[in-house]
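Data from data.pdb: PDB, C-alpha atoms
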```pdb
ATOM      1  CA  VAL H   1      86.840  83.835  82.450  1.00  0.00           C
ATOM      2  CA  VAL H   2      83.229  82.984  83.371  1.00  0.00           C
ATOM      3  CA  LEU H   3      82.733  86.488  84.755  1.00  0.00           C
ATOM      4  CA  ALA H   4      84.236  87.994  81.591  1.00  0.00           C
ATOM      5  CA  GLU H   5      81.842  85.938  79.470  1.00  0.00           C
ATOM      6  CA  ARG H   6      78.934  87.175  81.574  1.00  0.00           C
ATOM      7  CA  PHE H   7      80.033  90.792  81.039  1.00  0.00           C
ATOM      8  CA  THR H   8      80.479  90.133  77.312  1.00  0.00           C
ATOM      9  CA  ARG H   9      76.924  88.766  77.036  1.00  0.00           C
ATOM     10  CA  ARG H  10      75.795  92.105  78.483  1.00  0.00           C
ATOM     11  CA  GLY H  11      77.522  93.796  75.548  1.00  0.00           C
ATOM     12  CA  LEU H  12      80.497  95.192  77.452  1.00  0.00           C
ATOM     13  CA  ASP H  13      83.544  95.420  75.190  1.00  0.00           C
ATOM     14  CA  ASP H  14      85.867  95.828  78.159  1.00  0.00           C
ATOM     15  CA  SER H  15      84.794  92.685  80.007  1.00  0.00           C
ATOM     16  CA  PRO H  16      88.330  91.278  80.483  1.00  0.00           C
ATOM     17  CA  VAL H  17      89.500  94.608  81.901  1.00  0.00           C
ATOM     18  CA  ARG H  18      86.524  94.741  84.267  1.00  0.00           C
ATOM     19  CA  VAL H  19      87.343  91.281  85.595  1.00  0.00           C
ATOM     20  CA  LEU H  20      90.992  92.282  85.967  1.00  0.00           C
ATOM     21  CA  LEU H  21      89.984  95.382  87.933  1.00  0.00           C
ATOM     22  CA  VAL H  22      87.749  93.337  90.227  1.00  0.00           C
ATOM     23  CA  ALA H  23      90.527  90.779  90.772  1.00  0.00           C
ATOM     24  CA  LYS H  24      93.214  93.373  91.474  1.00  0.00           C
ATOM     25  CA  ALA H  25      90.934  95.321  93.809  1.00  0.00           C
ATOM     26  CA  ILE H  26      90.129  92.176  95.807  1.00  0.00           C
ATOM     27  CA  ALA H  27      93.812  91.234  95.853  1.00  0.00           C
ATOM     28  CA  LEU H  28      94.664  94.506  97.622  1.00  0.00           C
ATOM     29  CA  VAL H  29      93.841  92.812 100.939  1.00  0.00           C
ATOM     30  CA  GLY H  30      97.055  90.832 100.453  1.00  0.00           C
ATOM     31  CA  VAL H  31      99.055  93.993 101.097  1.00  0.00           C
ATOM     32  CA  PHE H  32      98.316  93.622 104.815  1.00  0.00           C
ATOM     33  CA  VAL H  33      99.148  89.927 105.228  1.00  0.00           C
ATOM     34  CA  THR H  34     102.481  90.532 106.956  1.00  0.00           C
ATOM     35  CA  LEU H  35     100.917  92.947 109.446  1.00  0.00           C
ATOM     36  CA  MET H  36      98.263  90.588 110.786  1.00  0.00           C
ATOM     37  CA  PRO H  37      98.387  89.738 114.510  1.00  0.00           C
ATOM     38  CA  SER H  38      97.362  86.130 113.900  1.00  0.00           C
ATOM     39  CA  PRO H  39      98.680  83.600 111.400  1.00  0.00           C
ATOM     40  CA  TRP H  40      95.074  82.503 110.763  1.00  0.00           C
ATOM     41  CA  ILE H  41      94.012  85.995 109.751  1.00  0.00           C
ATOM     42  CA  ALA H  42      97.126  86.273 107.595  1.00  0.00           C
ATOM     43  CA  LEU H  43      96.304  82.921 105.994  1.00  0.00           C
ATOM     44  CA  ALA H  44      92.733  84.043 105.287  1.00  0.00           C
ATOM     45  CA  LEU H  45      93.876  87.311 103.692  1.00  0.00           C
ATOM     46  CA  SER H  46      96.525  85.466 101.720  1.00  0.00           C
ATOM     47  CA  ALA H  47      93.936  82.977 100.467  1.00  0.00           C
ATOM     48  CA  VAL H  48      91.583  85.742  99.324  1.00  0.00           C
ATOM     49  CA  SER H  49      94.418  87.617  97.642  1.00  0.00           C
ATOM     50  CA  SER H  50      95.790  84.489  95.965  1.00  0.00           C
ATOM     51  CA  LEU H  51      92.362  83.516  94.692  1.00  0.00           C
ATOM     52  CA  ALA H  52      91.861  86.985  93.215  1.00  0.00           C
ATOM     53  CA  LEU H  53      95.311  86.987  91.629  1.00  0.00           C
ATOM     54  CA  GLY H  54      94.539  83.544  90.244  1.00  0.00           C
ATOM     55  CA  MET H  55      91.615  85.180  88.439  1.00  0.00           C
ATOM     56  CA  ALA H  56      93.844  87.927  87.087  1.00  0.00           C
ATOM     57  CA  GLY H  57      96.375  85.698  85.307  1.00  0.00           C
ATOM     58  CA  PRO H  58      94.076  83.992  82.810  1.00  0.00           C
ATOM     59  CA  ILE H  59      92.091  87.154  82.159  1.00  0.00           C
ATOM     60  CA  GLN H  60      95.265  89.071  81.306  1.00  0.00           C
ATOM     61  CA  ASN H  61      95.971  86.375  78.739  1.00  0.00           C
ATOM     62  CA  VAL H  62      92.444  86.868  77.350  1.00  0.00           C
ATOM     63  CA  GLN H  63      93.202  90.575  76.983  1.00  0.00           C
ATOM     64  CA  LEU H  64      96.404  89.858  75.090  1.00  0.00           C
ATOM     65  CA  GLN H  65      94.769  87.292  72.815  1.00  0.00           C
ATOM     66  CA  THR H  66      91.878  89.665  72.095  1.00  0.00           C
ATOM     67  CA  VAL H  67      93.936  92.573  70.796  1.00  0.00           C
ATOM     68  CA  ALA H  68      97.153  90.973  69.529  1.00  0.00           C
ATOM     69  CA  PRO H  69      97.409  90.207  65.826  1.00  0.00           C
ATOM     70  CA  ALA H  70      97.123  86.459  65.227  1.00  0.00           C
ATOM     71  CA  GLU H  71     100.655  86.180  63.844  1.00  0.00           C
ATOM     72  CA  LEU H  72     102.127  87.817  66.967  1.00  0.00           C
ATOM     73  CA  ARG H  73     100.022  86.257  69.738  1.00  0.00           C
ATOM     74  CA  GLY H  74     102.587  83.637  70.723  1.00  0.00           C
ATOM     75  CA  LYS H  75     105.450  86.131  70.794  1.00  0.00           C
ATOM     76  CA  ILE H  76     103.463  88.738  72.706  1.00  0.00           C
ATOM     77  CA  THR H  77     102.316  86.158  75.255  1.00  0.00           C
ATOM     78  CA  ALA H  78     105.883  84.882  75.675  1.00  0.00           C
ATOM     79  CA  LEU H  79     107.168  88.435  76.179  1.00  0.00           C
ATOM     80  CA  TYR H  80     104.412  89.170  78.697  1.00  0.00           C
ATOM     81  CA  LEU H  81     105.159  86.011  80.689  1.00  0.00           C
ATOM     82  CA  PHE H  82     108.890  86.686  80.562  1.00  0.00           C
ATOM     83  CA  LEU H  83     108.473  90.226  81.892  1.00  0.00           C
ATOM     84  CA  LEU H  84     105.979  89.107  84.530  1.00  0.00           C
ATOM     85  CA  ASN H  85     108.335  86.418  85.783  1.00  0.00           C
ATOM     86  CA  VAL H  86     111.435  88.606  85.674  1.00  0.00           C
ATOM     87  CA  THR H  87     109.790  91.405  87.617  1.00  0.00           C
ATOM     88  CA  GLY H  88     107.700  89.260  89.950  1.00  0.00           C
ATOM     89  CA  ILE H  89     109.843  86.245  90.642  1.00  0.00           C
ATOM     90  CA  ALA H  90     113.342  87.617  90.159  1.00  0.00           C
ATOM     91  CA  LEU H  91     113.123  91.193  91.406  1.00  0.00           C
ATOM     92  CA  SER H  92     110.692  90.882  94.318  1.00  0.00           C
ATOM     93  CA  PRO H  93     113.015  88.897  96.609  1.00  0.00           C
ATOM     94  CA  ILE H  94     115.896  91.207  95.747  1.00  0.00           C
ATOM     95  CA  ILE H  95     113.826  94.292  96.569  1.00  0.00           C
ATOM     96  CA  VAL H  96     112.707  92.763  99.876  1.00  0.00           C
ATOM     97  CA  ALA H  97     116.305  91.875 100.743  1.00  0.00           C
ATOM     98  CA  VAL H  98     117.611  95.346  99.904  1.00  0.00           C
ATOM     99  CA  LEU H  99     114.853  97.021 101.922  1.00  0.00           C
ATOM    100  CA  THR H 100     115.477  94.720 104.872  1.00  0.00           C
ATOM    101  CA  ASP H 101     119.260  95.208 104.785  1.00  0.00           C
ATOM    102  CA  ARG H 102     119.464  98.898 103.910  1.00  0.00           C
ATOM    103  CA  LEU H 103     116.330 100.466 105.329  1.00  0.00           C
ATOM    104  CA  PHE H 104     115.748  98.405 108.452  1.00  0.00           C
ATOM    105  CA  ALA H 105     119.179  96.779 108.951  1.00  0.00           C
ATOM    106  CA  ASP H 106     117.387  94.029 110.856  1.00  0.00           C
ATOM    107  CA  PRO H 107     116.337  90.654 109.421  1.00  0.00           C
ATOM    108  CA  GLY H 108     113.548  90.566 111.992  1.00  0.00           C
ATOM    109  CA  GLN H 109     111.852  93.428 110.160  1.00  0.00           C
ATOM    110  CA  ILE H 110     111.418  91.564 106.883  1.00  0.00           C
ATOM    111  CA  ARG H 111     107.642  91.780 107.227  1.00  0.00           C
ATOM    112  CA  TRP H 112     107.880  95.556 106.849  1.00  0.00           C
ATOM    113  CA  SER H 113     109.972  95.179 103.713  1.00  0.00           C
ATOM    114  CA  ILE H 114     107.372  92.842 102.220  1.00  0.00           C
ATOM    115  CA  PHE H 115     104.618  95.239 103.264  1.00  0.00           C
ATOM    116  CA  ILE H 116     106.378  98.217 101.629  1.00  0.00           C
ATOM    117  CA  LEU H 117     106.858  96.299  98.379  1.00  0.00           C
ATOM    118  CA  LEU H 118     103.219  95.169  98.306  1.00  0.00           C
ATOM    119  CA  ALA H 119     101.899  98.563  99.414  1.00  0.00           C
ATOM    120  CA  PHE H 120     103.691 100.143  96.466  1.00  0.00           C
ATOM    121  CA  SER H 121     103.335  97.512  93.736  1.00  0.00           C
ATOM    122  CA  SER H 122      99.723  96.453  94.295  1.00  0.00           C
ATOM    123  CA  PRO H 123      98.139  99.904  93.859  1.00  0.00           C
ATOM    124  CA  VAL H 124     100.493 100.644  90.952  1.00  0.00           C
ATOM    125  CA  SER H 125      99.386  97.414  89.301  1.00  0.00           C
ATOM    126  CA  LEU H 126      95.743  98.368  89.826  1.00  0.00           C
ATOM    127  CA  ALA H 127      96.423 101.839  88.390  1.00  0.00           C
ATOM    128  CA  PHE H 128      97.960 100.308  85.254  1.00  0.00           C
ATOM    129  CA  ALA H 129      94.932  98.049  84.900  1.00  0.00           C
ATOM    130  CA  ILE H 130      92.624 101.071  85.196  1.00  0.00           C
ATOM    131  CA  ALA H 131      94.701 102.937  82.614  1.00  0.00           C
ATOM    132  CA  SER H 132      94.459  99.974  80.209  1.00  0.00           C
ATOM    133  CA  ARG H 133      90.664 100.106  80.038  1.00  0.00           C
ATOM    134  CA  ARG H 134      90.224 102.918  77.504  1.00  0.00           C
ATOM    135  CA  PRO H 135      92.961 101.742  75.077  1.00  0.00           C
ATOM    136  CA  PHE H 136      91.567  98.196  75.277  1.00  0.00           C
ATOM    137  CA  ILE H 137      88.033  99.395  74.426  1.00  0.00           C
ATOM    138  CA  ASN H 138      89.387 101.506  71.569  1.00  0.00           C
ATOM    139  CA  GLU H 139      91.282  98.558  70.116  1.00  0.00           C
ATOM    140  CA  VAL H 140      88.324  96.172  70.453  1.00  0.00           C
ATOM    141  CA  CYS H 141      86.079  98.703  68.681  1.00  0.00           C
ATOM    142  CA  ARG H 142      88.679  99.172  65.941  1.00  0.00           C
ATOM    143  CA  LEU H 143      88.934  95.411  65.439  1.00  0.00           C
ATOM    144  CA  LYS H 144      85.145  95.059  65.333  1.00  0.00           C
ATOM    145  CA  ALA H 145      84.948  97.786  62.700  1.00  0.00           C
ATOM    146  CA  LEU H 146      87.611  96.046  60.613  1.00  0.00           C
ATOM    147  CA  GLU H 147      85.783  92.751  60.953  1.00  0.00           C
ATOM    148  CA  ALA H 148      82.485  94.352  59.904  1.00  0.00           C
ATOM    149  CA  ALA H 149      84.159  96.046  56.937  1.00  0.00           C
ATOM    150  CA  SER H 150      85.700  92.751  55.778  1.00  0.00           C
ATOM    151  CA  ALA H 151      82.391  90.923  56.182  1.00  0.00           C
ATOM    152  CA  GLY H 152      80.688  93.584  54.049  1.00  0.00           C
ATOM    153  CA  HIS H 153      82.958  92.950  51.052  1.00  0.00           C
TER
END
```
Mind converting the file's structure to structure tokens?
Amino acid sequence: VVLAERFTRRGLDDSPVRVLLVAKAIALVGVFVTLMPSPWIALALSAVSSLALGMAGPIQNVQLQTVAPAELRGKITALYLFLLNVTGIALSPIIVAVLTDRLFADPGQIRWSIFILLAFSSPVSLAFAIASRRPFINEVCRLKALEAASAGH
């Protein structure tokens, strides 16, 4: 949030999206955790990725709170968290299990299943974040114009 505030002071309307993009780009190193030859290297990559993803969570909430109408903020945040948890916590282990059982047919190859899931979902997540930038800026500008029009009356 500190980085977003710094961007906002520079006059950037898309500061939460910029922070999200930085976080998701840094987190891409986590894709390779299961392929590391040393547990210490894997731990280091995992730490960097986890730290970056820890930045992404609060900033996504800032994005929602910025553009959601006040009367819907709680519901929108609840829906976002529900979908995030259903897809991330509930589906990820199932996808890894199906890949391990069906594609590799060997429990010893689970690291490849995790890698495939991360190699697909991480760039897709970053692409969605990139795609959100323009609509977010448009909505922030629209809200600023509405605020200015109401202040003028």
Evaluated on this file, the PyMOL selection byres ((chain H and resi 1) around 12) picks out some residues - which ones are they, written as a PDB file with C-alpha atoms, in the frame of the given file?
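Wrote expr01.pdb, looks like this:
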```pdb
ATOM      1  CA  VAL H   2      83.229  82.984  83.371  1.00  0.00           C
ATOM      2  CA  LEU H   3      82.733  86.488  84.755  1.00  0.00           C
ATOM      3  CA  ALA H   4      84.236  87.994  81.591  1.00  0.00           C
ATOM      4  CA  GLU H   5      81.842  85.938  79.470  1.00  0.00           C
ATOM      5  CA  ARG H   6      78.934  87.175  81.574  1.00  0.00           C
ATOM      6  CA  PHE H   7      80.033  90.792  81.039  1.00  0.00           C
ATOM      7  CA  THR H   8      80.479  90.133  77.312  1.00  0.00           C
ATOM      8  CA  SER H  15      84.794  92.685  80.007  1.00  0.00           C
ATOM      9  CA  PRO H  16      88.330  91.278  80.483  1.00  0.00           C
ATOM     10  CA  VAL H  17      89.500  94.608  81.901  1.00  0.00           C
ATOM     11  CA  ARG H  18      86.524  94.741  84.267  1.00  0.00           C
ATOM     12  CA  VAL H  19      87.343  91.281  85.595  1.00  0.00           C
ATOM     13  CA  LEU H  20      90.992  92.282  85.967  1.00  0.00           C
ATOM     14  CA  ALA H  23      90.527  90.779  90.772  1.00  0.00           C
ATOM     15  CA  GLY H  54      94.539  83.544  90.244  1.00  0.00           C
ATOM     16  CA  MET H  55      91.615  85.180  88.439  1.00  0.00           C
ATOM     17  CA  ALA H  56      93.844  87.927  87.087  1.00  0.00           C
ATOM     18  CA  GLY H  57      96.375  85.698  85.307  1.00  0.00           C
ATOM     19  CA  PRO H  58      94.076  83.992  82.810  1.00  0.00           C
ATOM     20  CA  ILE H  59      92.091  87.154  82.159  1.00  0.00           C
ATOM     21  CA  GLN H  60      95.265  89.071  81.306  1.00  0.00           C
ATOM     22  CA  ASN H  61      95.971  86.375  78.739  1.00  0.00           C
ATOM     23  CA  VAL H  62      92.444  86.868  77.350  1.00  0.00           C
ATOM     24  CA  GLN H  63      93.202  90.575  76.983  1.00  0.00           C
TER      25      GLN H  63
END
```
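Within 6 Å of the file-frame point (93.7, 91.5, 94.5), and using only C-alpha atoms, the polymer residues found are Ala23, Lys24, Ala25, Ile26, Ala27, Leu28, Ser49, Ala52 and Leu53 of chain H.
Taking atom CA of H:Leu91 and atom CA of H:Ile114 as endpoints, the distance between them is 12.4 Å.
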**OP:** Considering all atoms listed in the file, return as an MDAnalysis selection string whatever protein or nucleic-acid residues lie within 10 Å of stretch 94-111 of chain H, sequence-local ones (same chain, fewer than 4 positions apart) excluded.
**Re:** chainID H and resid 32:35 89:90 115:118
**OP:** Check the smallest atom-to-atom distance from each of H:Leu45, H:Pro135, H:Val67, H:Ala78 to H:Gly30 using only C-alpha atoms, then report the winner.
**Re:**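 Smallest separation from H:Gly30 among the options: H:Leu45.
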Original post:
atom CA of H:Arg10 and atom CA of H:Thr77 are how many Å apart?
Top reply: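 It comes out at 27.4 Å.
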Centre and edge lengths of an axis-aligned box around all listed atoms of stretch 2-8 of chain H, with 5 Å added on each side, are to be given in Å to one decimal, as AutoDock Vina command-line options.
```
--center_x 81.6 --center_y 86.9 --center_z 81.0 --size_x 15.3 --size_y 17.8 --size_z 17.4
```
**OP:** List every protein, DNA or RNA residue that has an atom no more than 12 Å from (100.6, 90.0, 70.0) in the file's coordinate frame, counting all atoms listed in the file, and report them as a list of chain:residue names.
**Re:**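 Within 12 Å of (100.6, 90.0, 70.0), the protein and nucleic acid residues are H:Asn61, H:Val62, H:Gln63, H:Leu64, H:Gln65, H:Thr66, H:Val67, H:Ala68, H:Pro69, H:Ala70, H:Glu71, H:Leu72, H:Arg73, H:Gly74, H:Lys75, H:Ile76, H:Thr77, H:Ala78, H:Leu79, H:Tyr80.
Distance-wise, atom CA of H:Asp13 and atom CA of H:Cys141 end up 7.7 Å apart.
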**OP:** Using all atoms listed in the file, find the one residue out of H:Ile130, H:Val29, H:Val124, H:Leu81 that sits nearest to H:Ala42.
**Re:**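 For H:Ala42, the nearest of the candidates is H:Val29.
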